[in-house]
>>> print(open('coords-v1.tsv').read())   # TSV, C-alpha atoms
chain	number	residue	atom	x	y	z
A	1	MET	CA	134.90	44.87	143.60
A	2	ILE	CA	134.21	48.53	142.99
A	3	GLY	CA	130.52	49.32	143.03
A	4	PRO	CA	128.02	49.87	141.64
A	5	ILE	CA	128.80	46.42	140.29
A	6	ILE	CA	126.15	46.50	137.57
A	7	SER	CA	126.81	49.97	136.12
A	8	SER	CA	130.60	49.44	136.23
A	9	GLY	CA	130.19	46.23	134.22
A	10	ILE	CA	131.57	43.77	136.82
A	11	VAL	CA	128.28	41.89	136.83
A	12	SER	CA	126.21	41.49	133.67
A	13	PRO	CA	123.23	43.89	133.41
A	14	ALA	CA	121.05	40.80	132.91
A	15	TRP	CA	121.36	40.28	136.67
A	16	ASP	CA	119.95	43.72	137.42
A	17	SER	CA	116.30	42.62	137.39
A	18	ILE	CA	117.08	39.64	139.61
A	19	PHE	CA	118.84	41.90	142.09
A	20	ALA	CA	115.89	44.30	141.83
A	21	VAL	CA	113.52	41.55	143.01
A	22	LEU	CA	115.88	40.48	145.82
A	23	LEU	CA	116.48	44.05	147.00
A	24	GLY	CA	112.73	44.67	146.85
A	25	MET	CA	112.17	41.61	149.02
A	26	GLY	CA	114.62	42.93	151.60
A	27	PHE	CA	112.91	46.33	151.42
A	28	GLY	CA	109.43	44.86	151.89
A	29	PHE	CA	110.57	42.55	154.66
A	30	ALA	CA	112.28	45.37	156.59
A	31	LEU	CA	109.23	47.65	156.29
A	32	GLU	CA	106.62	45.03	157.21
A	33	SER	CA	108.54	43.48	160.10
A	34	SER	CA	109.04	46.96	161.62
A	35	GLY	CA	105.28	47.57	161.52
A	36	PHE	CA	104.89	49.69	158.38
A	37	SER	CA	101.92	47.64	157.20
A	38	SER	CA	99.75	49.28	159.86
A	39	SER	CA	98.45	52.77	159.09
A	40	ARG	CA	97.63	53.41	162.73
A	41	LYS	CA	101.17	52.53	163.78
A	42	ILE	CA	102.63	54.76	161.04
A	43	ILE	CA	100.40	57.72	161.85
A	44	GLY	CA	101.29	57.38	165.57
A	45	THR	CA	104.35	59.52	164.89
A	46	PHE	CA	102.16	62.59	164.41
A	47	PHE	CA	100.26	62.08	167.67
A	48	GLY	CA	103.20	60.87	169.73
A	49	TYR	CA	101.92	57.41	170.64
A	50	ASP	CA	104.26	55.44	168.34
A	51	PHE	CA	107.47	56.73	166.79
A	52	VAL	CA	108.30	53.69	164.69
A	53	VAL	CA	108.46	55.83	161.52
A	54	VAL	CA	111.03	58.23	162.99
A	55	LYS	CA	113.12	55.39	164.42
A	56	VAL	CA	113.17	53.19	161.30
A	57	PHE	CA	113.40	56.00	158.73
A	58	PHE	CA	116.26	57.88	160.36
A	59	THR	CA	118.16	54.75	161.39
A	60	ALA	CA	118.02	53.63	157.75
A	61	ALA	CA	119.10	57.09	156.53
A	62	ILE	CA	122.17	57.20	158.79
A	63	VAL	CA	123.15	53.56	158.11
A	64	ALA	CA	123.01	54.14	154.34
A	65	SER	CA	124.75	57.56	154.46
A	66	VAL	CA	127.54	56.42	156.78
A	67	GLY	CA	127.86	53.16	154.81
A	68	LEU	CA	128.25	55.03	151.51
A	69	LEU	CA	130.90	57.30	153.04
A	70	TYR	CA	132.86	54.25	154.20
A	71	LEU	CA	132.55	52.59	150.79
A	72	LYS	CA	133.84	55.80	149.21
A	73	TYR	CA	136.67	56.09	151.75
A	74	PHE	CA	137.86	52.54	150.99
A	75	GLY	CA	137.48	53.16	147.26
A	76	LEU	CA	134.74	50.54	146.98
A	77	VAL	CA	132.17	52.65	145.17
A	78	ASP	CA	132.44	55.03	142.23
A	79	PHE	CA	130.22	57.95	143.23
A	80	SER	CA	130.03	59.27	139.67
A	81	LEU	CA	128.05	56.14	138.71
A	82	LEU	CA	125.44	56.54	141.47
A	83	TYR	CA	122.08	57.98	140.55
A	84	ILE	CA	121.60	61.23	142.41
A	85	GLN	CA	118.17	62.75	142.04
A	86	PRO	CA	118.39	66.24	140.48
A	87	THR	CA	116.85	68.98	142.60
A	88	PHE	CA	113.93	70.99	141.26
A	89	LEU	CA	113.15	73.27	144.17
A	90	THR	CA	109.54	74.29	143.42
A	91	ALA	CA	108.42	70.81	142.39
A	92	ALA	CA	110.14	69.15	145.38
A	93	ILE	CA	108.41	71.48	147.86
A	94	ILE	CA	104.93	71.50	146.30
A	95	GLY	CA	105.08	67.77	145.53
A	96	GLY	CA	106.17	67.12	149.13
A	97	ILE	CA	103.30	69.20	150.52
A	98	ILE	CA	100.76	67.34	148.36
A	99	MET	CA	102.25	64.01	149.44
A	100	GLY	CA	102.07	65.09	153.09
A	101	ILE	CA	98.33	65.73	152.76
A	102	GLY	CA	97.83	62.34	151.09
A	103	PHE	CA	99.92	60.73	153.86
A	104	ALA	CA	97.74	62.17	156.65
A	105	MET	CA	94.53	61.24	154.81
A	106	GLY	CA	95.49	57.71	153.82
A	107	GLY	CA	97.96	56.78	156.56
A	108	PHE	CA	100.39	55.27	154.07
A	109	CYS	CA	103.05	56.17	151.61
A	110	PRO	CA	103.42	54.13	148.39
A	111	GLY	CA	105.90	51.56	149.75
A	112	THR	CA	104.04	50.99	153.01
A	113	SER	CA	100.67	50.65	151.23
A	114	LEU	CA	102.21	47.79	149.23
A	115	CYS	CA	103.36	46.10	152.44
A	116	ALA	CA	99.88	46.52	153.94
A	117	THR	CA	98.37	45.02	150.77
A	118	ALA	CA	100.74	42.04	151.00
A	119	VAL	CA	99.50	41.13	154.51
A	120	GLY	CA	95.83	41.59	153.60
A	121	ARG	CA	95.00	45.13	154.66
A	122	ILE	CA	92.20	46.29	152.39
A	123	ASP	CA	92.82	49.95	153.25
A	124	GLY	CA	96.38	49.49	151.94
A	125	LEU	CA	95.12	48.03	148.67
A	126	VAL	CA	92.61	50.86	148.25
A	127	PHE	CA	95.35	53.46	148.88
A	128	PHE	CA	97.60	51.72	146.35
A	129	GLY	CA	94.76	51.70	143.81
A	130	GLY	CA	94.16	55.39	144.47
A	131	MET	CA	97.77	56.12	143.51
A	132	PHE	CA	97.12	54.85	139.99
A	133	ILE	CA	94.25	57.34	139.70
A	134	GLY	CA	96.45	60.15	141.06
A	135	VAL	CA	99.28	59.38	138.65
A	136	PHE	CA	96.77	59.14	135.80
A	137	LEU	CA	95.23	62.52	136.70
A	138	PHE	CA	98.69	64.12	136.80
A	139	SER	CA	99.69	62.61	133.46
A	140	GLU	CA	96.48	63.74	131.80
A	141	SER	CA	96.80	67.29	133.12
A	142	PHE	CA	100.56	67.39	132.52
A	143	SER	CA	100.45	70.52	130.36
A	144	LEU	CA	99.07	72.48	133.33
A	145	PHE	CA	101.95	71.45	135.59
A	146	GLU	CA	104.79	71.20	133.09
A	147	ASN	CA	106.29	74.57	134.00
A	148	MET	CA	106.08	73.84	137.70
A	149	LEU	CA	107.72	70.44	137.23
A	150	TYR	CA	110.83	71.96	135.68
A	151	SER	CA	111.10	75.22	137.59
A	152	GLY	CA	113.72	75.88	140.26
A	153	SER	CA	116.20	73.48	138.65
A	154	LEU	CA	119.47	73.22	140.59
A	155	GLY	CA	120.88	70.02	139.05
A	156	ALA	CA	122.20	67.12	141.16
A	157	VAL	CA	123.19	69.40	144.03
A	158	MET	CA	124.29	68.03	147.41
A	159	ILE	CA	123.00	69.43	150.68
A	160	ASN	CA	126.49	69.64	152.20
A	161	SER	CA	127.78	71.85	149.38
A	162	VAL	CA	124.81	74.20	149.84
A	163	LEU	CA	125.73	74.43	153.53
A	164	GLY	CA	129.42	74.76	152.63
A	165	ILE	CA	130.58	71.77	154.68
A	166	SER	CA	132.14	68.40	153.84
A	167	PRO	CA	129.96	65.30	153.28
A	168	GLU	CA	131.63	63.73	156.32
A	169	LEU	CA	130.76	66.63	158.63
A	170	PHE	CA	127.20	66.76	157.32
A	171	THR	CA	126.73	63.02	157.89
A	172	PHE	CA	128.16	63.35	161.40
A	173	LEU	CA	125.66	66.15	162.15
A	174	LEU	CA	122.87	64.01	160.67
A	175	VAL	CA	123.77	61.19	163.08
A	176	LEU	CA	123.71	63.64	166.02
A	177	VAL	CA	120.30	65.01	164.97
A	178	ALA	CA	118.92	61.48	164.51
A	179	VAL	CA	120.12	60.30	167.92
A	180	GLY	CA	118.66	63.48	169.44
A	181	MET	CA	115.32	62.66	167.80
A	182	PHE	CA	115.43	59.07	169.11
A	183	TYR	CA	115.82	60.35	172.67
A	184	GLY	CA	113.15	63.00	172.09
A	185	ALA	CA	110.77	60.38	170.70
A	186	ALA	CA	111.28	58.12	173.74
A	187	TRP	CA	110.64	61.07	176.06
A	188	VAL	CA	107.43	62.16	174.28
A	189	GLN	CA	106.12	58.60	174.06
A	190	LYS	CA	106.33	58.27	177.85
A	191	LYS	CA	104.24	61.43	178.33
A	192	VAL	CA	101.53	60.63	175.81
A	193	LYS	CA	98.43	58.66	176.64
A	194	LYS	CA	98.65	55.11	175.31
A	195	ILE	CA	96.40	54.23	172.39
A	196	GLU	CA	95.41	50.66	171.68
A	197	TYR	CA	95.68	49.67	168.03
B	198	MET	CA	111.94	41.86	175.13
B	199	LYS	CA	109.49	41.57	172.28
B	200	LYS	CA	105.92	42.55	172.91
B	201	ILE	CA	103.50	39.99	171.49
B	202	ASN	CA	100.05	41.34	170.64
B	203	ASN	CA	96.78	39.59	171.49
B	204	ASP	CA	96.49	38.10	168.00
B	205	GLY	CA	99.98	36.56	168.25
B	206	SER	CA	101.65	39.07	165.93
B	207	TYR	CA	104.75	40.99	166.91
B	208	TYR	CA	107.18	43.53	165.50
B	209	LEU	CA	110.89	43.68	165.06
B	210	ASN	CA	112.78	46.19	167.19
B	211	PRO	CA	112.49	49.44	165.14
B	212	TYR	CA	116.22	50.18	165.31
B	213	LEU	CA	117.00	46.68	164.06
B	214	GLY	CA	114.40	47.20	161.31
B	215	GLY	CA	116.06	50.53	160.47
B	216	VAL	CA	119.51	48.93	160.23
B	217	MET	CA	118.03	46.26	157.95
B	218	LEU	CA	116.35	48.88	155.75
B	219	GLY	CA	119.52	51.01	155.63
B	220	THR	CA	121.61	47.96	154.69
B	221	VAL	CA	119.22	47.03	151.86
B	222	LEU	CA	119.38	50.64	150.62
B	223	LEU	CA	123.19	50.61	150.80
B	224	LEU	CA	123.30	47.31	148.88
B	225	SER	CA	120.96	48.80	146.28
B	226	PHE	CA	123.44	51.62	145.65
B	227	TYR	CA	126.40	49.21	145.70
B	228	ILE	CA	124.79	46.72	143.30
B	229	SER	CA	122.54	48.71	140.99
B	230	GLY	CA	123.85	52.23	141.58
B	231	ARG	CA	120.45	53.55	142.60
B	232	GLY	CA	118.19	53.83	145.60
B	233	LEU	CA	114.93	52.07	146.42
B	234	GLY	CA	111.55	53.33	145.25
B	235	ALA	CA	107.90	52.57	144.87
B	236	SER	CA	105.97	55.26	143.00
B	237	GLY	CA	108.04	54.87	139.81
B	238	ALA	CA	106.50	51.43	139.33
B	239	VAL	CA	103.01	52.93	139.51
B	240	LYS	CA	103.96	55.58	136.95
B	241	ASN	CA	105.27	52.95	134.53
B	242	SER	CA	102.21	50.75	135.05
B	243	VAL	CA	99.88	53.65	134.30
B	244	ALA	CA	101.89	54.60	131.20
B	245	ALA	CA	101.88	50.96	130.03
B	246	THR	CA	98.13	50.61	130.57
B	247	VAL	CA	97.31	53.83	128.74
B	248	ASN	CA	99.65	52.74	125.94
B	249	LEU	CA	97.71	49.48	125.63
B	250	VAL	CA	94.34	51.21	125.46
B	251	ALA	CA	95.23	54.36	123.53
B	252	PRO	CA	98.71	54.21	121.92
B	253	HIS	CA	98.10	57.38	119.89
B	254	HIS	CA	97.32	59.28	123.04
B	255	VAL	CA	100.66	58.18	124.53
B	256	GLU	CA	102.55	59.25	121.41
B	257	LYS	CA	101.02	62.73	121.60
B	258	SER	CA	101.44	63.15	125.36
B	259	ALA	CA	104.60	64.96	126.41
B	260	TYR	CA	104.52	63.00	129.67
B	261	TYR	CA	103.59	59.39	128.78
B	262	SER	CA	105.86	59.38	125.76
B	263	GLN	CA	108.85	59.68	128.12
B	264	PHE	CA	108.07	56.23	129.55
B	265	ALA	CA	105.95	54.32	127.05
B	266	GLY	CA	105.22	53.94	123.36
B	267	GLY	CA	107.56	53.10	120.48
B	268	GLU	CA	110.35	50.74	121.53
B	269	LYS	CA	110.00	51.52	125.24
B	270	ARG	CA	109.03	48.68	127.55
B	271	PRO	CA	107.72	50.37	130.72
B	272	MET	CA	106.94	47.10	132.53
B	273	SER	CA	110.48	45.79	132.06
B	274	ASN	CA	111.81	48.31	134.52
B	275	TRP	CA	114.03	48.02	137.62
B	276	LEU	CA	111.41	49.58	139.89
B	277	VAL	CA	108.64	47.31	138.61
B	278	TYR	CA	110.73	44.23	139.47
B	279	GLU	CA	111.70	45.75	142.80
B	280	VAL	CA	108.07	46.44	143.72
B	281	LEU	CA	107.15	42.81	142.99
B	282	GLY	CA	109.92	41.90	145.43
B	283	VAL	CA	108.45	44.30	148.02
B	284	LEU	CA	105.13	42.44	147.87
B	285	ALA	CA	106.89	39.08	148.27
B	286	GLY	CA	109.15	40.30	151.09
B	287	ALA	CA	106.28	41.86	153.02
B	288	PHE	CA	104.18	38.71	152.56
B	289	LEU	CA	107.05	36.61	153.93
B	290	SER	CA	107.34	38.92	156.91
B	291	GLY	CA	103.58	38.69	157.42
B	292	ILE	CA	103.88	34.90	157.67
B	293	ILE	CA	106.84	34.99	160.06
B	294	PHE	CA	105.42	37.69	162.33
B	295	ASN	CA	101.88	36.32	162.24
B	296	ARG	CA	100.18	39.27	160.58
B	297	LEU	CA	98.42	37.80	157.54
B	298	LYS	CA	94.79	38.73	157.89
B	299	LEU	CA	92.21	40.22	155.56
B	300	LYS	CA	90.83	43.34	157.24
B	301	VAL	CA	90.28	47.09	157.07
B	302	GLU	CA	92.38	48.67	159.78
B	303	HIS	CA	90.79	51.75	161.32
B	304	SER	CA	90.23	53.60	164.56
B	305	PRO	CA	87.24	52.18	166.51
B	306	LYS	CA	85.72	55.68	166.36
B	307	ILE	CA	85.23	55.63	162.58
B	308	THR	CA	83.57	53.19	160.18
B	309	SER	CA	85.38	50.98	157.65
B	310	ARG	CA	83.60	52.89	154.93
B	311	ARG	CA	84.99	56.23	156.12
B	312	ARG	CA	88.46	54.71	156.42
B	313	LEU	CA	88.34	53.36	152.87
B	314	ILE	CA	87.12	56.66	151.42
B	315	PHE	CA	90.02	58.46	153.09
B	316	ALA	CA	92.48	55.74	152.03
B	317	LEU	CA	91.36	56.10	148.41
B	318	THR	CA	91.49	59.90	148.46
B	319	GLY	CA	94.84	59.83	150.24
B	320	GLY	CA	96.19	57.48	147.59
B	321	ILE	CA	94.98	59.73	144.78
B	322	VAL	CA	96.52	62.84	146.38
B	323	PHE	CA	99.78	61.05	147.23
B	324	GLY	CA	100.05	59.57	143.74
B	325	PHE	CA	99.62	63.01	142.21
B	326	GLY	CA	102.32	64.47	144.48
B	327	THR	CA	104.86	61.77	143.61
B	328	GLN	CA	104.85	62.88	139.99
B	329	LEU	CA	105.65	66.49	140.89
B	330	ALA	CA	108.36	65.58	143.40
B	331	ARG	CA	109.83	62.87	141.11
B	332	GLY	CA	109.44	60.16	143.72
B	333	CYS	CA	107.92	59.30	147.06
B	334	THR	CA	109.07	58.83	150.63
B	335	SER	CA	111.42	56.05	149.55
B	336	GLY	CA	112.52	57.09	146.06
B	337	ALA	CA	112.85	60.83	146.58
B	338	ALA	CA	113.22	61.30	150.34
B	339	LEU	CA	115.04	58.28	151.82
B	340	SER	CA	117.18	57.37	148.79
B	341	GLY	CA	117.93	61.05	148.17
B	342	MET	CA	118.97	61.55	151.80
B	343	ALA	CA	121.39	58.60	151.63
B	344	VAL	CA	123.37	60.29	148.83
B	345	LEU	CA	122.99	63.73	150.49
B	346	SER	CA	120.83	65.09	147.66
B	347	LEU	CA	119.37	68.50	148.55
B	348	GLY	CA	116.06	67.57	146.91
B	349	GLY	CA	115.78	64.46	149.10
B	350	TYR	CA	116.03	66.52	152.29
B	351	ILE	CA	113.62	69.17	151.03
B	352	THR	CA	111.03	66.57	150.01
B	353	MET	CA	111.40	64.78	153.36
B	354	VAL	CA	110.81	67.98	155.35
B	355	ALA	CA	107.87	68.96	153.11
B	356	ILE	CA	106.19	65.53	153.46
B	357	PHE	CA	106.59	65.12	157.21
B	358	GLY	CA	105.98	68.79	158.01
B	359	THR	CA	102.73	68.90	156.05
B	360	ALA	CA	101.60	65.47	157.26
B	361	PHE	CA	102.11	66.58	160.87
B	362	ILE	CA	99.75	69.55	160.41
B	363	ALA	CA	97.26	67.64	158.23
B	364	ALA	CA	97.15	64.71	160.68
B	365	TRP	CA	96.13	67.06	163.49
B	366	ILE	CA	93.40	68.57	161.33
B	367	LEU	CA	92.18	65.04	160.53
B	368	ARG	CA	92.80	63.68	164.04
B	369	LYS	CA	89.21	62.44	164.44
B	370	ASN	CA	90.05	59.83	161.81
B	371	TRP	CA	92.95	58.49	163.82
B	372	ILE	CA	92.65	59.02	167.58
>>> encode(input="coords-v1.tsv", output="structure tokens")
Amino acid sequence: MIGPIISSGIVSPAWDSIFAVLLGMGFGFALESSGFSSSRKIIGTFFGYDFVVVKVFFTAAIVASVGLLYLKYFGLVDFSLLYIQPTFLTAAIIGGIIMGIGFAMGGFCPGTSLCATAVGRIDGLVFFGGMFIGVFLFSESFSLFENMLYSGSLGAVMINSVLGISPELFTFLLVLVAVGMFYGAAWVQKKVKKIEY
Amino acid sequence: MKKINNDGSYYLNPYLGGVMLGTVLLLSFYISGRGLGASGAVKNSVAATVNLVAPHHVEKSAYYSQFAGGEKRPMSNWLVYEVLGVLAGAFLSGIIFNRLKLKVEHSPKITSRRRLIFALTGGIVFGFGTQLARGCTSGAALSGMAVLSLGGYITMVAIFGTAFIAAWILRKNWI
């Protein structure tokens, strides 16, 4: 079956919401069981006492990237039907910086705050509630940020084409960088004073 | 070689957790043709709520009207269903790994009150940022990285780079 099986019409679109719930369950289970429901475990990456974020995030990124390349190689996925986020340079950078500040203040990102809420962490619930206020504030002040939101538009551009290399070579380099970071993380963690949490 | 904490909870090996997360992400692309996300569900919920309270305001707003109002059904959305699944999946994991407990998690050096104020402010700031960057750590960064989107990599570097600096400035809250 050539994927994506919903968009290509192999499976009825009525199934899409059911798959959405199931995929969400897998997503939530993977995050929580790895420790992403704990803000102090997540934030450990920035102080060097726990690198779970680096390990889980980059392992997932290389598994999905390499997996997609294999699916493409065997003709099992039609890339033209995949949703690729368009790049708006200014908005991606400024939005990322704002999110980084929120991350360091709250200790969560949206997905992990949901996981924390699910296991009874009140700080996770409060963070999640705060997001509604943040989204509301943005929506209400949209006219002020409209230009910024659409500036620096590059379309659905791929990082490998910007660097002038093949997707395969880029993914291979990504794997090397990730493995390098895993070793680096293990080395730093040994040097840093243990923190009980 | 799993390390069991004092309260009986324990974690999966992070590399195993990463493989699981990557596989779910891969399946998401293979089945639904899109990556995973979280903030999109918040955006649709906000748009739906405002539409319920003030439908005229939604019609006039250049932002809300993209997601709500008229024939649009913002709560019948892939990400909304997916996020409900996230809650269920994390709850299940909490049962299995012994982590269900109602508490405010914070460093012993700060009060619960301080932690909650920062959690709320952090959520507000993060929520605002997701709308500019068109997604969060999962929707924009991780899912974007999987399909080699330039924006995904830029957002990832911007989030983690800024958070690294900001965490050190706010280190008294954490360590």
>>> residues_around(input="coords-v1.tsv", residues="Val21 of chain A", least_positions_apart="5", cutoff="10 Å", atoms="all atoms listed in the file", output="PyMOL selection string")
(chain A and resi 16+26-27) or (chain B and resi 275-286)
>>> atom_distance(input="coords-v1.tsv", atom1="atom CA of Gly336 of chain B", atom2="atom CA of Val77 of chain A")
20.2 Å
>>> closest_residue(input="coords-v1.tsv", among="A:Phe47, A:Tyr197, A:Phe19, A:Phe29", to="Ala363 of chain B", atoms="all atoms listed in the file")
A:Phe47
>>> closest_residue(input="coords-v1.tsv", among="B:Thr352, B:Asn370, B:Asn274, B:Ser290", to="Arg312 of chain B", atoms="all atoms listed in the file")
B:Asn370
>>> closest_residue(input="coords-v1.tsv", among="B:Thr334, B:Trp371, B:Leu347, B:Ile356", to="Ala156 of chain A", atoms="all atoms listed in the file")
B:Leu347
>>> residues_around(input="coords-v1.tsv", residues="His254 of chain B", least_positions_apart="5", cutoff="12 Å", atoms="all atoms listed in the file", output="PDB file with C-alpha atoms, in the frame of the given file")
ATOM      1  CA  SER A 139      99.690  62.610 133.460  1.00  0.00           C
ATOM      2  CA  GLU A 140      96.480  63.740 131.800  1.00  0.00           C
TER       3      GLU A 140
ATOM      4  CA  ALA B 244     101.890  54.600 131.200  1.00  0.00           C
ATOM      5  CA  ALA B 245     101.880  50.960 130.030  1.00  0.00           C
ATOM      6  CA  THR B 246      98.130  50.610 130.570  1.00  0.00           C
ATOM      7  CA  VAL B 247      97.310  53.830 128.740  1.00  0.00           C
ATOM      8  CA  ASN B 248      99.650  52.740 125.940  1.00  0.00           C
ATOM      9  CA  LEU B 249      97.710  49.480 125.630  1.00  0.00           C
ATOM     10  CA  ALA B 259     104.600  64.960 126.410  1.00  0.00           C
ATOM     11  CA  TYR B 260     104.520  63.000 129.670  1.00  0.00           C
ATOM     12  CA  TYR B 261     103.590  59.390 128.780  1.00  0.00           C
ATOM     13  CA  SER B 262     105.860  59.380 125.760  1.00  0.00           C
ATOM     14  CA  ALA B 265     105.950  54.320 127.050  1.00  0.00           C
ATOM     15  CA  GLY B 266     105.220  53.940 123.360  1.00  0.00           C
TER      16      GLY B 266
END
>>> atom_distance(input="coords-v1.tsv", atom1="atom CA of Lys194 of chain A", atom2="atom CA of Tyr212 of chain B")
20.8 Å
>>> closest_residue(input="coords-v1.tsv", among="B:Ile372, B:Leu223, B:Leu345, B:Leu297", to="Leu174 of chain A", atoms="only C-alpha atoms")
B:Leu345
>>> atom_distance(input="coords-v1.tsv", atom1="atom CA of Phe103 of chain A", atom2="atom CA of Lys191 of chain A")
24.9 Å
>>> residues_around(input="coords-v1.tsv", residues="Met105 of chain A", least_positions_apart="4", cutoff="10 Å", atoms="all atoms listed in the file", output="JSON list (two decimals) with C-alpha atoms, in the coordinates of the input")
[["chain", "number", "residue", "atom", "x", "y", "z"],
["A", 43, "ILE", "CA", 100.40, 57.72, 161.85],
["A", 99, "MET", "CA", 102.25, 64.01, 149.44],
["A", 100, "GLY", "CA", 102.07, 65.09, 153.09],
["A", 101, "ILE", "CA", 98.33, 65.73, 152.76],
["A", 127, "PHE", "CA", 95.35, 53.46, 148.88],
["B", 312, "ARG", "CA", 88.46, 54.71, 156.42],
["B", 314, "ILE", "CA", 87.12, 56.66, 151.42],
["B", 315, "PHE", "CA", 90.02, 58.46, 153.09],
["B", 316, "ALA", "CA", 92.48, 55.74, 152.03],
["B", 317, "LEU", "CA", 91.36, 56.10, 148.41],
["B", 318, "THR", "CA", 91.49, 59.90, 148.46],
["B", 319, "GLY", "CA", 94.84, 59.83, 150.24],
["B", 320, "GLY", "CA", 96.19, 57.48, 147.59],
["B", 322, "VAL", "CA", 96.52, 62.84, 146.38],
["B", 323, "PHE", "CA", 99.78, 61.05, 147.23],
["B", 360, "ALA", "CA", 101.60, 65.47, 157.26],
["B", 363, "ALA", "CA", 97.26, 67.64, 158.23],
["B", 364, "ALA", "CA", 97.15, 64.71, 160.68],
["B", 366, "ILE", "CA", 93.40, 68.57, 161.33],
["B", 367, "LEU", "CA", 92.18, 65.04, 160.53],
["B", 368, "ARG", "CA", 92.80, 63.68, 164.04],
["B", 370, "ASN", "CA", 90.05, 59.83, 161.81],
["B", 371, "TRP", "CA", 92.95, 58.49, 163.82]]
>>> closest_residue(input="coords-v1.tsv", among="B:Ile292, B:Leu213, B:Leu299, B:Ile362", to="chain A", atoms="all atoms listed in the file")
B:Leu299
>>> closest_residue(input="coords-v1.tsv", among="A:Ile6, A:Val188, A:Ser143, A:Ile133", to="Ser242 of chain B", atoms="all atoms listed in the file")
A:Ile133
>>> residues_near_point(input="coords-v1.tsv", point="(110.0, 43.7, 161.8)", cutoff="8 Å", atoms="all atoms listed in the file", output="ChimeraX atom specification")
/A:29-35 /B:207-211,213-214,290,294
>>> write_last_selection(input="coords-v1.tsv", atoms="C-alpha atoms", output="compact mmCIF listing (two decimals), in the frame of the given file")
# COMPACT_ATOMS: atom_id res chain seq x y z
CA PHE A 29 110.57 42.55 154.66
CA ALA A 30 112.28 45.37 156.59
CA LEU A 31 109.23 47.65 156.29
CA GLU A 32 106.62 45.03 157.21
CA SER A 33 108.54 43.48 160.10
CA SER A 34 109.04 46.96 161.62
CA GLY A 35 105.28 47.57 161.52
CA TYR B 207 104.75 40.99 166.91
CA TYR B 208 107.18 43.53 165.50
CA LEU B 209 110.89 43.68 165.06
CA ASN B 210 112.78 46.19 167.19
CA PRO B 211 112.49 49.44 165.14
CA LEU B 213 117.00 46.68 164.06
CA GLY B 214 114.40 47.20 161.31
CA SER B 290 107.34 38.92 156.91
CA PHE B 294 105.42 37.69 162.33
>>> residues_around(input="coords-v1.tsv", residues="segment 70-76 of chain A", least_positions_apart="5", cutoff="8 Å", atoms="all atoms listed in the file", output="number ranges by chain")
A: 1-3
>>> residues_around(input="coords-v1.tsv", residues="Ser335 of chain B", least_positions_apart="6", cutoff="8 Å", atoms="all atoms listed in the file", output="PyMOL selection string")
(chain A and resi 111) or (chain B and resi 233-235)
>>> build_atoms(input="coords-v1.tsv", residues="segment 205-217 of chain B", atoms="N, CA and C atoms", output="mmCIF file, keeping the file's coordinate frame")
data_model
loop_
_atom_site.group_PDB
_atom_site.id
_atom_site.type_symbol
_atom_site.label_atom_id
_atom_site.label_comp_id
_atom_site.auth_asym_id
_atom_site.auth_seq_id
_atom_site.Cartn_x
_atom_site.Cartn_y
_atom_site.Cartn_z
ATOM 1 N N GLY B 205 98.777 37.373 168.476
ATOM 2 C CA GLY B 205 99.980 36.560 168.250
ATOM 3 C C GLY B 205 100.997 37.198 167.331
ATOM 4 N N SER B 206 100.680 38.410 166.808
ATOM 5 C CA SER B 206 101.650 39.070 165.930
ATOM 6 C C SER B 206 102.629 39.887 166.753
ATOM 7 N N TYR B 207 103.806 40.119 166.209
ATOM 8 C CA TYR B 207 104.750 40.990 166.910
ATOM 9 C C TYR B 207 105.653 41.691 165.897
ATOM 10 N N TYR B 208 106.345 42.718 166.383
ATOM 11 C CA TYR B 208 107.180 43.530 165.500
ATOM 12 C C TYR B 208 108.647 43.364 165.852
ATOM 13 N N LEU B 209 109.461 43.624 164.852
ATOM 14 C CA LEU B 209 110.890 43.680 165.060
ATOM 15 C C LEU B 209 111.220 44.960 165.830
ATOM 16 N N ASN B 210 112.317 44.948 166.565
ATOM 17 C CA ASN B 210 112.780 46.190 167.190
ATOM 18 C C ASN B 210 112.990 47.230 166.078
ATOM 19 N N PRO B 211 112.432 48.456 166.245
ATOM 20 C CA PRO B 211 112.490 49.440 165.140
ATOM 21 C C PRO B 211 113.919 49.822 164.744
ATOM 22 N N TYR B 212 114.848 49.820 165.684
ATOM 23 C CA TYR B 212 116.220 50.180 165.310
ATOM 24 C C TYR B 212 116.862 49.060 164.496
ATOM 25 N N LEU B 213 116.522 47.812 164.849
ATOM 26 C CA LEU B 213 117.000 46.680 164.060
ATOM 27 C C LEU B 213 116.392 46.735 162.658
ATOM 28 N N GLY B 214 115.076 47.057 162.610
ATOM 29 C CA GLY B 214 114.400 47.200 161.310
ATOM 30 C C GLY B 214 115.042 48.308 160.489
ATOM 31 N N GLY B 215 115.418 49.403 161.148
ATOM 32 C CA GLY B 215 116.060 50.530 160.470
ATOM 33 C C GLY B 215 117.422 50.156 159.912
ATOM 34 N N VAL B 216 118.188 49.381 160.707
ATOM 35 C CA VAL B 216 119.510 48.930 160.230
ATOM 36 C C VAL B 216 119.326 48.022 159.019
ATOM 37 N N MET B 217 118.297 47.162 159.081
ATOM 38 C CA MET B 217 118.030 46.260 157.950
ATOM 39 C C MET B 217 117.674 47.066 156.705
#
